[in-house]
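**Q** I'd like to ask you about the structure that follows.
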Amino acid sequence: MRVLLVGGGGREHALALGLAADPLTERLVAAPGNPGIAAVAELRAAEVASPEAVAALAVECAADLVVVGPEAPLVAGVADAVRAKGIACFGPSGAAAQLEGSKAFAKDVMAAAGVPTAGSRVCATQAEAERALDEFGAPYVVKNDGLAAGKGVVVTGDRDAALAHAEACGRVVIEEYLDGPEVSLFVVTDGEAAVPLMPAQDFKRVGDGDTGPNTGGMGAYAPLDWAPAGLVDEVMRDVAHPTLAEMRRRGTPFAGLLYIGLALTKAGPRVIEFNARFGDPETQVVLALLETPLAGLLHAAATGTLAKHPPLRWRPGAAVTVVLASQGYPTSARSGDVITGAERAGIIHAGTARRASDGALVSAGGRVLCGTATGPDLASARAAAYALVDGVTLEGAHRRSDIALAAVEGRVRVP
């Protein structure tokens with residue numbers, strides 16, 4: 001099978017490793033890729049947000065399967081353009097990707113499908129935002145209605161800060177705060193059949209103890225030994241299948257990866273958000289534990305044959321990933337600093353590049369790379385992940401020191 005992978009971040013590096021390891025994969029091309037992906041795939045230049053450009057590259061590569069990693073190309077309709085060329089594509093249509101592209105659209109779908117989620121209001125003016133903030137009270141949750149690379153959400157007890165974020169975004173969704181531990185569940189679907197992957201937990205805040213502004217994610221781990229028994233079955237019954245049915249009813253079936261972000265509240269699981277693609281950095285830990293070959297699984301979803309796919313197999317043990325971020329991230333991100341020590345297995349590249357003058361590996365984004373490790377238990381996987389990332393040298397870089405620590409110490413509580 002000839003596979004074209006679209007994207008060039010940490011999620012795509014993890015996907016590339018999984019796709020390259022599948023015996024079905026004869027050739028793997030990545031556009032644009034990154035220096036880490038270059039070790040397992042051919043890199044090609046392409047304007048990944050252009051449906052026409054990606055479709056043309058898929059034809060040129062004679063791809064049997066295109067896997068679209070990031071959200072922006074999906075919302076732009078890249079999957080539609082690829083399928084119009086008669087090529088299987090893992091990723092939802094532009095219309096279906098609005099589940100991530102618009103928080104207001106996702107809330108409307110959830111309401112129609114009866115999916116348990118936070119109460120919310122869509123606000124386009126300052127007056128509407130003020131009324132919604134007062135209705136729900138603190139902590140205030142304000143979400144940019146559109147794509148914001150994982151950084152469009154503000155959760156704060158400061159009403160002025162919440163209102164300022166609403167004004168800066170323009171159109172927002174303001175909703176009630178959901179208390180309880182958060183869980184990320186990936187669901188592979190062909191629009192009808194749906195297969196859940198292993199739940200994971202990520203860490204959005206930049207600082208230890210979940211302090212500071214939201215980021216794209218500073219680390220993750222799996223499995224979640226503290227999660228209630230039957231959680232996945234409950235979420236599939238109450239969230240995934242009703243959502244997929246509602247998307248079919250609207251004439252925009254969702255096929256690809258449905259990311260379900262959950263809060264485990266005292267009233268039960270509640271949806272925080274949907275994404276239309278693999279999450280980053282949860283993908284790094286989930287795929288590290290997936291034993292089932294990845295290319296065959298994604299091809300089955302892309303060709304409507306997921307119901308015939310064998311049950312998934314998982315490796316024993318646990319996986320942890322720790323993100324190393326550049327100086328100033330997430331408010332600003334310094335680029336161009338030399339990176340050393342990133343050659344070891346388990347280092348997943350995200351914001352990296354090769355310097356043209358001498359080929360040195362340099363930072364090229366906010367989340368630069370992560371150390372991903374497995375172990376027989378969560379504590380050993382955590383220690384190995386930190387050893388990986390702490391072996392990397394990057395001036396001004398920072399990381400959280402408490403990824404998976406509460407779980408290791410048995411301090412995660414479901415209300």
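Please note that chains go A, B, ... in the order of the structure tokens, that every chain numbers its residues from 1, and that ligands are numbered from 1 in the order shown.
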Excluding Thr25 of chain A and any residue of its chain fewer than 6 positions from it, enumerate the residues within 10 Å of it, using only C-alpha atoms, and give them as JSON, numbers by chain.
**A** {"A": [1, 2, 3, 18, 19, 64, 65, 293, 294, 295, 296]}
**Q** Skipping near chain neighbours, those fewer than 3 positions away, what residues fall within 9 Å of segment 379-394 of chain A using only C-alpha atoms, listed as an NGL selection string?
**A** :A and (221 or 317-324 or 326 or 337-342 or 344-347 or 362-363 or 369-376 or 397-399 or 401 or 403-405 or 407-409)
**Q** What does the structure give for the distance between atom CA of Glu42 of chain A and atom CA of Arg27 of chain A, in Å to one decimal?
**A**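 Computing it gives 8.3 Å between the two atoms.
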**Q** Check the smallest atom-to-atom distance from each of A:Asp202, A:Glu282, A:Asp179, A:Glu343 to Glu12 of chain A using only C-alpha atoms, then report the winner.
**A**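 Residue with the minimum atom-to-atom distance to Glu12 of chain A: A:Glu282.
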**Q** Using only C-alpha atoms, which of A:Gly8, A:Thr303, A:Pro310, A:Pro228 sits nearest Arg83 of chain A?
**A** A:Thr303
**Q** Among segment 45-180 of chain A, which ones does DSSP place in strand (DSSP E or B), written as a VMD selection string?
**A** chain A and resid 65 to 68 88 to 90 117 120 to 123 140 to 144 153 to 156 172 to 175
**Q** Taking the DSSP secondary structure from the backbone, can you list the residues of segment 192-264 of chain A that are alpha helix (DSSP H), as a ChimeraX atom specification?
**A** /A:231-235,241-249
**Q** Lys143 of chain A: which residues within 9 Å, counting only C-alpha atoms, same-chain residues fewer than 5 positions away excluded, as a list of chain:residue names?
**A**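 In the requested format, the answer is A:Lys103, A:Gly152, A:Val153, A:Val154, A:Val155, A:His165, A:Ala166, A:Cys169, A:Arg171, A:Val172, A:Val173, A:Ile174, A:Glu175.
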**Q** So that I can see what lies close to segment 247-255 of chain A, please list as a VMD selection string the residues with an atom at most 10 Å from it, counting only C-alpha atoms and leaving out residues fewer than 4 positions away in the same chain.
**A** chain A and resid 89 to 99 109 112 to 113 187 to 194 241 to 243 276 301 to 304
**Q** May I have the residues from that selection written out with N, CA and C atoms, as a compact mmCIF listing (two decimals), in the first residue's frame?
**A**
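Result file out-v2.txt:
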```
# COMPACT_ATOMS: atom_id res chain seq x y z
N CYS A 89 -9.32 8.13 1.57
CA CYS A 89 -8.76 9.15 2.46
C CYS A 89 -9.28 8.95 3.87
N PHE A 90 -8.37 8.92 4.84
CA PHE A 90 -8.75 8.86 6.24
C PHE A 90 -8.85 10.28 6.76
N GLY A 91 -10.08 10.72 6.98
CA GLY A 91 -10.35 12.08 7.42
C GLY A 91 -11.72 12.48 6.96
N PRO A 92 -12.45 13.25 7.76
CA PRO A 92 -13.82 13.63 7.41
C PRO A 92 -13.87 14.67 6.30
N SER A 93 -15.02 14.78 5.68
CA SER A 93 -15.27 15.82 4.70
C SER A 93 -15.19 17.19 5.37
N GLY A 94 -15.09 18.22 4.53
CA GLY A 94 -15.06 19.57 5.07
C GLY A 94 -16.31 19.89 5.87
N ALA A 95 -17.46 19.41 5.39
CA ALA A 95 -18.71 19.66 6.11
C ALA A 95 -18.73 18.94 7.46
N ALA A 96 -18.28 17.69 7.47
CA ALA A 96 -18.28 16.93 8.73
C ALA A 96 -17.22 17.44 9.69
N ALA A 97 -16.11 17.96 9.17
CA ALA A 97 -15.05 18.50 10.03
C ALA A 97 -15.47 19.74 10.79
N GLN A 98 -16.65 20.29 10.47
CA GLN A 98 -17.15 21.41 11.24
C GLN A 98 -17.43 21.03 12.70
N LEU A 99 -17.44 19.73 12.99
CA LEU A 99 -17.53 19.32 14.39
C LEU A 99 -16.36 19.90 15.19
N VAL A 109 -25.08 19.96 17.11
CA VAL A 109 -25.15 18.52 16.84
C VAL A 109 -25.39 17.75 18.13
N ALA A 112 -29.00 18.07 19.24
CA ALA A 112 -29.91 17.27 18.41
C ALA A 112 -29.76 15.78 18.69
N ALA A 113 -28.54 15.35 19.05
CA ALA A 113 -28.27 13.92 19.28
C ALA A 113 -28.51 13.51 20.73
N VAL A 187 -12.02 7.73 18.46
CA VAL A 187 -12.91 6.74 17.85
C VAL A 187 -12.65 6.72 16.34
N VAL A 188 -12.19 5.58 15.84
CA VAL A 188 -12.00 5.38 14.41
C VAL A 188 -13.34 4.96 13.82
N THR A 189 -13.78 5.63 12.75
CA THR A 189 -15.10 5.34 12.20
C THR A 189 -15.11 5.48 10.68
N ASP A 190 -15.95 4.68 10.04
CA ASP A 190 -16.17 4.85 8.61
C ASP A 190 -17.51 5.54 8.34
N GLY A 191 -18.09 6.09 9.39
CA GLY A 191 -19.38 6.75 9.30
C GLY A 191 -20.51 5.92 9.85
N GLU A 192 -20.33 4.60 9.81
CA GLU A 192 -21.32 3.67 10.35
C GLU A 192 -20.71 2.90 11.52
N ALA A 193 -19.75 2.02 11.23
CA ALA A 193 -19.05 1.30 12.28
C ALA A 193 -18.12 2.25 13.02
N ALA A 194 -17.87 1.96 14.30
CA ALA A 194 -17.00 2.82 15.11
C ALA A 194 -16.21 1.95 16.08
N HIS A 241 -22.00 6.98 19.03
CA HIS A 241 -23.01 6.49 18.07
C HIS A 241 -24.13 7.50 17.83
N PRO A 242 -24.66 8.19 18.86
CA PRO A 242 -25.67 9.22 18.58
C PRO A 242 -25.13 10.36 17.72
N THR A 243 -23.87 10.75 17.94
CA THR A 243 -23.29 11.82 17.13
C THR A 243 -23.14 11.39 15.68
N ALA A 276 -11.80 16.64 14.99
CA ALA A 276 -12.02 15.84 13.78
C ALA A 276 -10.77 15.08 13.36
N ALA A 301 -11.26 2.09 7.66
CA ALA A 301 -12.16 3.21 7.94
C ALA A 301 -12.39 4.06 6.70
N ALA A 302 -11.34 4.22 5.89
CA ALA A 302 -11.42 5.08 4.71
C ALA A 302 -12.20 4.43 3.57
N THR A 303 -12.37 3.12 3.63
CA THR A 303 -13.04 2.40 2.54
C THR A 303 -14.37 1.79 2.96
N GLY A 304 -14.86 2.13 4.14
CA GLY A 304 -16.17 1.66 4.57
C GLY A 304 -16.22 0.20 4.95
```
**Q** I'd like the contact shell of Arg237 of chain A - 12 Å cut-off, only C-alpha atoms, skipping same-chain residues fewer than 3 positions apart - returned as a PyMOL selection string.
**A** chain A and resi 113-116+194-196+230-234+240-245+269
**Q** Extract, using only C-alpha atoms, all DNA, RNA and protein residues at most 12 Å from Thr215 of chain A, discarding same-chain residues fewer than 2 positions from it, and format them as a ChimeraX atom specification.
**A** /A:148-154,202-207,210-213,217-219,280-281,323,325,328-333,366-367,399-400
**Q** Atom CA of Phe105 of chain A and atom CA of Arg270 of chain A are how many Å apart?
**A**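 About the pair atom CA of Phe105 of chain A and atom CA of Arg270 of chain A: they are 17.0 Å apart.
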**Q** With the cut-off set at 12 Å and counting only C-alpha atoms, tabulate each residue of segment 181-212 of chain A with an atom at most that distance from an atom of segment 287-292 of chain A, showing the nearest atom pair and its distance in Å to one decimal, ordered by chain and increasing number, as CSV.
**A**
```
residue,atom,partner,partner_atom,distance
A:Phe186,CA,A:Leu287,CA,10.9
A:Pro196,CA,A:Leu290,CA,11.7
A:Leu197,CA,A:Leu290,CA,8.4
A:Met198,CA,A:Leu290,CA,8.4
A:Pro199,CA,A:Leu289,CA,11.2
A:Ala200,CA,A:Leu287,CA,10.8
```
**Q** Could those selected residues go to a file with N, CA and C atoms, as a compact mmCIF listing (two decimals), in the first residue's frame?
**A**
```txt
# COMPACT_ATOMS: atom_id res chain seq x y z
N PHE A 186 -10.32 8.50 21.42
CA PHE A 186 -10.29 8.51 19.96
C PHE A 186 -11.19 7.40 19.44
N PRO A 196 -13.44 2.22 19.24
CA PRO A 196 -12.73 3.09 20.17
C PRO A 196 -11.28 2.64 20.36
N LEU A 197 -10.39 3.59 20.50
CA LEU A 197 -9.02 3.31 20.89
C LEU A 197 -8.91 3.42 22.41
N MET A 198 -7.71 3.34 22.93
CA MET A 198 -7.51 3.38 24.38
C MET A 198 -7.65 4.82 24.90
N PRO A 199 -8.43 5.04 25.95
CA PRO A 199 -8.53 6.39 26.51
C PRO A 199 -7.17 6.88 27.02
N ALA A 200 -6.96 8.17 26.96
CA ALA A 200 -5.73 8.79 27.45
C ALA A 200 -6.10 10.07 28.19
```
**Q** So how many Å separate atom CA of Gln201 of chain A and atom CA of Ala222 of chain A, to one decimal?
**A** 6.8 Å
**Q** When you count only C-alpha atoms, which of these residues is closest to Val6 of chain A: A:Glu26, A:Ser50, A:Asp108, A:Val286?
**A**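 Closest candidate: A:Ser50.
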**Q** My list of candidates is A:Pro23, A:Ala72, A:Tyr177, A:Gly365. Which is closest to Glu135 of chain A when distances are computed with only C-alpha atoms?
**A**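 Result for the nearest residue to Glu135 of chain A: A:Tyr177.
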**Q** From the options A:Ala104, A:Leu28, A:Ala364, A:Leu163, which residue's atoms come nearest to Ala63 of chain A, counting only C-alpha atoms?
**A** A:Leu28
